[in-house]
$ cat target19.csv   # CSV, C-alpha atoms
chain,number,residue,atom,x,y,z
A,133,TYR,CA,59.4,-42.1,-6.1
A,134,TYR,CA,56.7,-39.6,-5.0
A,135,LEU,CA,53.0,-40.3,-5.3
A,136,LEU,CA,51.0,-37.1,-5.2
A,137,THR,CA,47.4,-36.6,-3.8
A,138,ALA,CA,47.0,-33.1,-5.2
A,139,ASN,CA,48.6,-30.8,-7.8
A,140,THR,CA,51.9,-29.1,-6.9
A,141,ILE,CA,51.0,-25.4,-7.2
A,142,VAL,CA,53.9,-23.1,-8.2
A,143,THR,CA,52.9,-19.5,-7.1
A,144,ASP,CA,54.5,-16.1,-7.5
A,145,ASN,CA,56.2,-16.7,-4.1
A,146,ASP,CA,58.2,-19.5,-5.8
A,147,SER,CA,59.6,-17.3,-8.5
A,148,GLY,CA,63.2,-17.9,-9.3
A,149,VAL,CA,63.4,-21.4,-7.7
A,150,VAL,CA,65.1,-24.4,-9.3
A,151,ILE,CA,63.3,-27.8,-8.8
A,152,GLU,CA,65.9,-30.4,-9.6
A,153,GLY,CA,65.8,-34.2,-9.4
A,154,PHE,CA,68.7,-36.6,-8.6
A,155,HIS,CA,71.2,-37.1,-11.4
A,156,LEU,CA,74.7,-38.4,-11.5
A,157,ASP,CA,76.1,-36.1,-14.2
A,158,ASP,CA,75.1,-33.7,-16.9
A,159,ASN,CA,75.5,-36.2,-19.8
A,160,TRP,CA,71.8,-37.2,-19.9
A,161,THR,CA,70.4,-37.0,-23.4
A,162,PRO,CA,66.8,-36.9,-24.6
A,163,GLU,CA,67.4,-39.5,-27.3
A,164,PRO,CA,66.0,-42.9,-26.5
A,165,ASP,CA,68.4,-45.3,-24.8
A,166,PRO,CA,69.8,-47.9,-27.1
A,167,SER,CA,68.9,-50.6,-24.6
A,168,GLY,CA,65.2,-49.7,-24.9
A,169,ASN,CA,65.0,-48.4,-21.3
A,170,ASP,CA,63.8,-44.9,-21.9
A,171,ARG,CA,62.8,-44.2,-18.2
A,172,LEU,CA,66.1,-43.4,-16.8
A,173,LEU,CA,65.5,-40.5,-14.4
A,174,ARG,CA,65.1,-41.7,-10.8
A,175,THR,CA,63.2,-38.8,-9.3
A,176,ILE,CA,59.7,-39.9,-10.4
A,177,ILE,CA,56.7,-37.7,-9.4
A,178,ASP,CA,53.5,-39.5,-10.1
A,179,ARG,CA,50.2,-37.6,-10.0
A,180,GLY,CA,48.3,-40.9,-9.8
A,181,ASN,CA,45.2,-39.4,-11.3
A,182,THR,CA,44.7,-38.6,-15.0
A,183,ALA,CA,41.3,-37.0,-14.6
A,184,SER,CA,40.7,-33.4,-16.0
A,185,GLY,CA,42.4,-30.8,-13.8
A,186,SER,CA,45.0,-33.2,-12.4
A,187,TYR,CA,48.6,-32.0,-13.0
A,188,VAL,CA,52.0,-32.8,-11.5
A,189,PHE,CA,52.9,-29.1,-11.6
A,190,GLU,CA,50.4,-26.3,-11.9
A,191,PHE,CA,51.8,-22.8,-12.4
A,192,ALA,CA,50.0,-19.9,-10.8
A,193,GLY,CA,52.0,-16.7,-11.3
A,194,ALA,CA,55.6,-18.0,-10.7
A,195,ASP,CA,58.2,-16.5,-13.1
A,196,ASP,CA,61.8,-17.7,-13.8
A,197,VAL,CA,61.3,-21.2,-12.4
A,198,THR,CA,63.4,-24.1,-13.6
A,199,LEU,CA,62.3,-27.7,-13.6
A,200,ARG,CA,65.0,-30.3,-14.5
A,201,TYR,CA,66.0,-33.9,-14.2
A,202,LEU,CA,62.4,-35.0,-13.2
A,203,ALA,CA,60.3,-37.9,-14.4
A,204,LEU,CA,56.7,-36.7,-14.4
A,205,THR,CA,53.8,-39.1,-15.0
A,206,GLY,CA,50.3,-40.1,-14.2
A,207,ALA,CA,48.5,-36.8,-14.8
A,208,GLU,CA,46.2,-35.1,-17.3
A,209,TYR,CA,49.0,-32.7,-18.1
A,210,ALA,CA,52.5,-33.3,-16.5
A,211,ILE,CA,53.1,-29.5,-16.5
A,212,ALA,CA,50.2,-27.0,-16.8
A,213,PHE,CA,50.0,-23.3,-17.3
A,214,PRO,CA,46.3,-22.4,-17.0
A,215,SER,CA,44.8,-19.3,-18.8
A,216,ASN,CA,45.8,-16.1,-17.1
A,217,ALA,CA,48.3,-17.7,-14.7
A,218,ASP,CA,50.8,-15.2,-16.1
A,219,SER,CA,53.9,-17.4,-15.4
A,220,ASP,CA,56.7,-16.2,-17.7
A,221,ASP,CA,60.2,-17.3,-18.5
A,222,VAL,CA,59.9,-20.8,-17.0
A,223,THR,CA,62.5,-23.3,-18.1
A,224,ILE,CA,61.7,-27.0,-18.5
A,225,THR,CA,64.8,-29.0,-19.3
A,226,ARG,CA,66.2,-32.5,-19.2
A,227,ASN,CA,63.0,-34.1,-17.9
A,228,GLU,CA,61.1,-37.3,-18.9
A,229,LEU,CA,57.4,-36.8,-19.4
A,230,TYR,CA,55.4,-40.0,-20.0
A,231,GLY,CA,52.3,-41.8,-19.0
A,232,ASN,CA,50.1,-38.7,-19.0
A,233,ARG,CA,46.6,-38.6,-20.6
A,234,SER,CA,46.4,-35.3,-22.5
A,235,ALA,CA,49.8,-33.6,-22.7
A,236,GLY,CA,53.4,-33.4,-21.5
A,237,VAL,CA,53.4,-29.5,-21.3
A,238,ARG,CA,50.2,-27.5,-21.8
A,239,SER,CA,50.1,-23.7,-21.7
A,240,PHE,CA,47.2,-21.4,-22.3
A,241,THR,CA,47.0,-17.6,-22.8
A,242,SER,CA,49.2,-15.2,-20.8
A,243,ASN,CA,52.2,-17.4,-20.2
A,244,ASP,CA,55.2,-16.1,-22.3
A,245,GLY,CA,58.8,-16.8,-22.7
A,246,LEU,CA,58.6,-20.5,-21.9
A,247,GLN,CA,61.7,-22.6,-22.6
A,248,VAL,CA,61.1,-26.3,-23.2
A,249,ILE,CA,64.5,-27.6,-24.0
A,250,SER,CA,66.1,-31.1,-24.2
A,251,ASN,CA,63.3,-33.2,-22.8
A,252,ARG,CA,62.2,-36.7,-23.6
A,253,ILE,CA,58.4,-36.7,-24.1
A,254,PHE,CA,57.0,-40.2,-24.9
A,255,GLN,CA,54.5,-42.9,-24.4
A,256,ASN,CA,51.7,-40.5,-23.2
A,257,SER,CA,48.2,-41.6,-24.2
A,258,SER,CA,47.6,-42.3,-27.8
A,259,SER,CA,46.0,-38.9,-28.6
A,260,ALA,CA,48.1,-36.8,-26.3
A,261,LEU,CA,50.0,-33.6,-27.2
A,262,GLY,CA,53.7,-33.5,-26.5
A,263,VAL,CA,54.0,-29.7,-26.0
A,264,SER,CA,51.1,-27.3,-26.6
A,265,MET,CA,51.2,-23.5,-26.2
A,266,GLU,CA,48.3,-21.2,-27.0
A,267,GLN,CA,48.6,-17.5,-27.7
A,268,THR,CA,52.2,-17.2,-26.6
A,269,ASN,CA,55.3,-15.3,-27.6
A,270,GLY,CA,59.0,-15.5,-26.9
A,271,ALA,CA,58.8,-19.3,-26.5
A,272,THR,CA,61.5,-21.7,-27.3
A,273,ILE,CA,60.8,-25.4,-27.9
A,274,SER,CA,64.1,-27.0,-28.9
A,275,ASP,CA,66.2,-30.1,-28.8
A,276,ASN,CA,63.4,-32.3,-27.5
A,277,VAL,CA,62.7,-35.9,-28.5
A,278,ILE,CA,58.9,-36.6,-28.8
A,279,TYR,CA,57.6,-39.9,-29.9
A,280,ASP,CA,55.1,-42.8,-29.4
A,281,THR,CA,51.8,-41.0,-29.3
A,282,PRO,CA,50.1,-42.7,-32.3
A,283,SER,CA,47.0,-40.4,-32.6
A,284,GLY,CA,48.6,-37.3,-31.0
A,285,TYR,CA,50.6,-34.2,-32.0
A,286,GLY,CA,54.2,-33.6,-31.1
A,287,ILE,CA,54.1,-29.8,-30.9
A,288,ASN,CA,51.1,-27.4,-31.2
A,289,ILE,CA,51.6,-23.7,-30.9
A,290,SER,CA,49.7,-20.4,-31.7
A,291,SER,CA,51.1,-16.9,-31.3
A,292,SER,CA,49.9,-13.9,-29.2
A,293,TYR,CA,48.3,-10.9,-30.8
A,294,GLN,CA,50.5,-7.7,-30.8
A,295,LYS,CA,53.3,-9.4,-28.9
A,296,LEU,CA,56.1,-9.8,-31.4
A,297,ALA,CA,58.9,-11.7,-29.7
A,298,PRO,CA,59.3,-14.8,-32.0
A,299,ASN,CA,58.4,-18.3,-31.0
A,300,VAL,CA,61.1,-20.8,-32.0
A,301,ILE,CA,60.7,-24.5,-32.7
A,302,ALA,CA,64.1,-25.9,-33.5
A,303,ASN,CA,66.3,-29.0,-33.5
A,304,ASN,CA,63.6,-31.3,-32.2
A,305,HIS,CA,63.3,-35.0,-33.2
A,306,LEU,CA,59.7,-36.1,-33.6
A,307,TYR,CA,58.4,-39.5,-34.8
A,308,ALA,CA,55.7,-42.2,-34.3
A,309,MET,CA,52.6,-39.9,-34.0
A,310,TYR,CA,49.7,-38.5,-36.0
A,311,ARG,CA,51.0,-35.0,-36.7
A,312,GLY,CA,54.4,-33.6,-36.0
A,313,ILE,CA,54.2,-29.8,-35.7
A,314,SER,CA,51.0,-27.6,-35.9
A,315,ALA,CA,51.6,-23.9,-35.8
A,316,GLY,CA,49.5,-20.8,-36.3
A,317,SER,CA,50.5,-17.1,-36.6
A,318,SER,CA,47.9,-15.2,-38.6
A,319,ASP,CA,49.8,-12.1,-39.9
A,320,ALA,CA,52.4,-9.5,-38.9
A,321,THR,CA,50.3,-8.4,-35.9
A,322,TYR,CA,51.0,-11.8,-34.2
A,323,ALA,CA,54.3,-13.1,-32.9
A,324,PRO,CA,56.2,-14.8,-35.7
A,325,ILE,CA,56.9,-18.6,-35.6
A,326,ASN,CA,60.2,-20.0,-36.8
A,327,ILE,CA,60.3,-23.7,-37.4
A,328,LEU,CA,63.9,-24.6,-37.9
A,329,ASN,CA,66.1,-27.7,-38.3
A,330,ASN,CA,63.8,-30.3,-37.0
A,331,ARG,CA,63.9,-33.9,-37.9
A,332,ILE,CA,60.4,-35.4,-38.4
A,333,HIS,CA,59.6,-38.8,-39.7
A,334,ASP,CA,57.2,-41.8,-39.5
A,335,ILE,CA,54.2,-39.5,-39.1
A,336,ASP,CA,50.7,-40.8,-40.0
A,337,SER,CA,49.3,-37.5,-41.3
A,338,GLU,CA,51.4,-34.4,-41.7
A,339,ALA,CA,54.9,-33.6,-40.5
A,340,ILE,CA,54.6,-29.7,-40.4
A,341,SER,CA,51.3,-27.8,-40.8
A,342,GLN,CA,51.5,-24.0,-40.6
A,343,THR,CA,48.5,-21.6,-40.9
A,344,GLY,CA,48.7,-17.8,-41.3
A,345,SER,CA,51.4,-15.8,-43.0
A,346,ASN,CA,53.9,-14.9,-40.2
A,347,ALA,CA,56.1,-17.9,-40.1
A,348,LEU,CA,59.3,-19.4,-41.5
A,349,ILE,CA,59.8,-23.1,-42.1
A,350,SER,CA,63.5,-23.7,-42.9
A,351,GLY,CA,66.2,-26.4,-42.6
A,352,ASN,CA,63.9,-29.2,-41.6
A,353,LEU,CA,64.4,-32.9,-42.5
A,354,VAL,CA,61.0,-34.7,-43.2
A,355,TYR,CA,60.4,-38.2,-44.5
A,356,ASN,CA,58.1,-41.2,-44.3
A,357,THR,CA,54.8,-39.3,-44.0
A,358,PRO,CA,51.7,-38.9,-46.3
A,359,SER,CA,52.1,-35.1,-46.2
A,360,GLY,CA,55.4,-33.3,-45.6
A,361,ILE,CA,55.1,-29.6,-45.1
A,362,THR,CA,52.2,-27.1,-45.5
A,363,GLY,CA,53.2,-23.5,-45.2
A,364,THR,CA,53.6,-20.1,-46.8
A,365,ASN,CA,57.3,-19.4,-46.3
A,366,VAL,CA,59.1,-22.7,-46.9
A,367,ARG,CA,62.9,-22.6,-47.5
A,368,ASP,CA,65.8,-24.9,-47.7
A,369,ASN,CA,64.1,-28.0,-46.3
A,370,VAL,CA,64.8,-31.7,-47.3
A,371,VAL,CA,61.6,-33.7,-47.9
A,372,TYR,CA,61.4,-37.2,-49.2
A,373,ALA,CA,59.4,-40.5,-49.1
A,374,THR,CA,56.1,-38.6,-48.8
A,375,GLY,CA,52.7,-38.5,-50.6
A,376,THR,CA,52.9,-34.8,-51.1
A,377,GLY,CA,56.2,-33.0,-50.3
A,378,ILE,CA,55.2,-29.4,-49.9
A,379,THR,CA,51.7,-27.8,-50.0
A,380,THR,CA,51.5,-24.0,-50.3
A,381,GLY,CA,49.4,-21.1,-51.5
A,382,GLY,CA,48.3,-17.5,-50.7
A,383,ASN,CA,51.3,-15.6,-52.3
A,384,ALA,CA,53.8,-18.0,-50.7
A,385,TYR,CA,57.6,-18.1,-50.9
A,386,VAL,CA,59.0,-21.6,-51.5
A,387,ALA,CA,62.7,-21.8,-52.4
A,388,GLY,CA,65.8,-23.9,-52.0
A,389,ASN,CA,64.0,-27.1,-51.0
A,390,ARG,CA,64.9,-30.6,-52.0
A,391,VAL,CA,61.9,-32.8,-52.6
A,392,PHE,CA,62.3,-36.3,-53.9
A,393,ASP,CA,61.0,-39.9,-53.8
A,394,SER,CA,57.5,-38.5,-53.3
A,395,THR,CA,54.3,-39.0,-55.2
A,396,THR,CA,53.8,-35.3,-55.7
A,397,GLY,CA,56.6,-32.7,-55.2
A,398,ILE,CA,55.0,-29.3,-54.6
A,399,VAL,CA,51.3,-28.3,-54.7
A,400,GLU,CA,50.2,-24.7,-55.0
A,401,TYR,CA,46.5,-24.5,-54.1
A,402,SER,CA,45.7,-20.7,-54.4
A,403,GLY,CA,47.4,-17.3,-54.9
A,404,SER,CA,50.9,-17.4,-56.4
A,405,VAL,CA,54.3,-18.8,-55.5
$ encode --input "target19.csv" --output "structure tokens"
Amino acid sequence: YYLLTANTIVTDNDSGVVIEGFHLDDNWTPEPDPSGNDRLLRTIIDRGNTASGSYVFEFAGADDVTLRYLALTGAEYAIAFPSNADSDDVTITRNELYGNRSAGVRSFTSNDGLQVISNRIFQNSSSALGVSMEQTNGATISDNVIYDTPSGYGINISSSYQKLAPNVIANNHLYAMYRGISAGSSDATYAPINILNNRIHDIDSEAISQTGSNALISGNLVYNTPSGITGTNVRDNVVYATGTGITTGGNAYVAGNRVFDSTTGIVEYSGSV
């Protein structure tokens, strides 16, 4: 157990390092433990201060860093990538992020190619974000389990202008929060966003909300939420037990979806489908 008195700054001199906590084997899984003990990783780093600007790790120019098998808690953001830090191709995997005030992972403009894979992100403050990336490209957010933030968002992402490596949100399990995935990619001049094969349920507002036209929402399983999917390119999803299954408009493409046991199946609000 480590109690910090300041942020851990990861600078360009740290590029390429692996910061790894103790673990017995590689069989750790982000799914909650059946016994109800979800805090299993023993290398706990506690910022001990949730005030604004207090982070466990603050990236400042380091590229190709890996963080794994760490329990990060007690901060505003567990892992922060400030605007213009220009830390690229960082991998965050097999960690537990809990007990933070505003977000598990928060990235602002200039940080590209981030890989957030197979983490358990849970029981942060009620309005926290699980993973949030602004104006990014080439990011992968996959195989994470994010839950227990009643007024918060699981994943929030917006794409970079004129940087066309796609952002991929895939195979995540999200539940017990206000909104599951919020994504924005205005048009073909912005990096596309692919939202694929996620399981999202027991959401208080909307499971998937996509704005702009340069995105694909496909293969997702959505249920037990007032609003299932809002988007313009919605294919081959399964949506049930919702108020409205799919909301679309603006010359959208909606095909191959199964929508059932919902008050309203598909709503088209403008343009054509």
$ residues_around --input "target19.csv" --residues "segment 139-154 of chain A" --least-positions-apart "3" --cutoff "9 Å" --atoms "only C-alpha atoms" --output "PDB file with C-alpha atoms, keeping the file's coordinate frame"
ATOM      1  CA  LEU A 136      51.000 -37.100  -5.200  1.00  0.00           C
ATOM      2  CA  LEU A 173      65.500 -40.500 -14.400  1.00  0.00           C
ATOM      3  CA  ARG A 174      65.100 -41.700 -10.800  1.00  0.00           C
ATOM      4  CA  THR A 175      63.200 -38.800  -9.300  1.00  0.00           C
ATOM      5  CA  ILE A 176      59.700 -39.900 -10.400  1.00  0.00           C
ATOM      6  CA  ARG A 179      50.200 -37.600 -10.000  1.00  0.00           C
ATOM      7  CA  GLY A 185      42.400 -30.800 -13.800  1.00  0.00           C
ATOM      8  CA  SER A 186      45.000 -33.200 -12.400  1.00  0.00           C
ATOM      9  CA  TYR A 187      48.600 -32.000 -13.000  1.00  0.00           C
ATOM     10  CA  VAL A 188      52.000 -32.800 -11.500  1.00  0.00           C
ATOM     11  CA  PHE A 189      52.900 -29.100 -11.600  1.00  0.00           C
ATOM     12  CA  GLU A 190      50.400 -26.300 -11.900  1.00  0.00           C
ATOM     13  CA  PHE A 191      51.800 -22.800 -12.400  1.00  0.00           C
ATOM     14  CA  ALA A 192      50.000 -19.900 -10.800  1.00  0.00           C
ATOM     15  CA  GLY A 193      52.000 -16.700 -11.300  1.00  0.00           C
ATOM     16  CA  ALA A 194      55.600 -18.000 -10.700  1.00  0.00           C
ATOM     17  CA  ASP A 195      58.200 -16.500 -13.100  1.00  0.00           C
ATOM     18  CA  ASP A 196      61.800 -17.700 -13.800  1.00  0.00           C
ATOM     19  CA  VAL A 197      61.300 -21.200 -12.400  1.00  0.00           C
ATOM     20  CA  THR A 198      63.400 -24.100 -13.600  1.00  0.00           C
ATOM     21  CA  LEU A 199      62.300 -27.700 -13.600  1.00  0.00           C
ATOM     22  CA  ARG A 200      65.000 -30.300 -14.500  1.00  0.00           C
ATOM     23  CA  TYR A 201      66.000 -33.900 -14.200  1.00  0.00           C
ATOM     24  CA  LEU A 202      62.400 -35.000 -13.200  1.00  0.00           C
ATOM     25  CA  ALA A 203      60.300 -37.900 -14.400  1.00  0.00           C
ATOM     26  CA  SER A 219      53.900 -17.400 -15.400  1.00  0.00           C
ATOM     27  CA  VAL A 222      59.900 -20.800 -17.000  1.00  0.00           C
ATOM     28  CA  ASN A 227      63.000 -34.100 -17.900  1.00  0.00           C
TER      29      ASN A 227
END
$ closest_residue --input "target19.csv" --among "A:Ser314, A:Asn303, A:Gln342, A:Asn356" --to "Thr380 of chain A" --atoms "all atoms listed in the file"
A:Gln342
$ atom_distance --input "target19.csv" --atom1 "atom CA of Gly344 of chain A" --atom2 "atom CA of Gly316 of chain A"
5.9 Å
$ residues_around --input "target19.csv" --residues "Asn288 of chain A" --least-positions-apart "2" --cutoff "6 Å" --atoms "only C-alpha atoms" --output "list of chain:residue names"
A:Ser264, A:Ile313, A:Ser314, A:Ala315
$ residues_around --input "target19.csv" --residues "segment 251-256 of chain A" --least-positions-apart "3" --cutoff "7 Å" --atoms "all atoms listed in the file" --output "ChimeraX atom specification"
/A:162-163,225-233,236,260,262,276-281
$ closest_residue --input "target19.csv" --among "A:Ser394, A:Ser274, A:Gln247, A:Thr268" --to "Ser290 of chain A" --atoms "only C-alpha atoms"
A:Thr268
$ atom_distance --input "target19.csv" --atom1 "atom CA of Ala183 of chain A" --atom2 "atom CA of Ala207 of chain A"
7.2 Å
$ closest_residue --input "target19.csv" --among "A:Ser250, A:Thr321, A:Thr379, A:Ser258" --to "Ser341 of chain A" --atoms "all atoms listed in the file"
A:Thr379
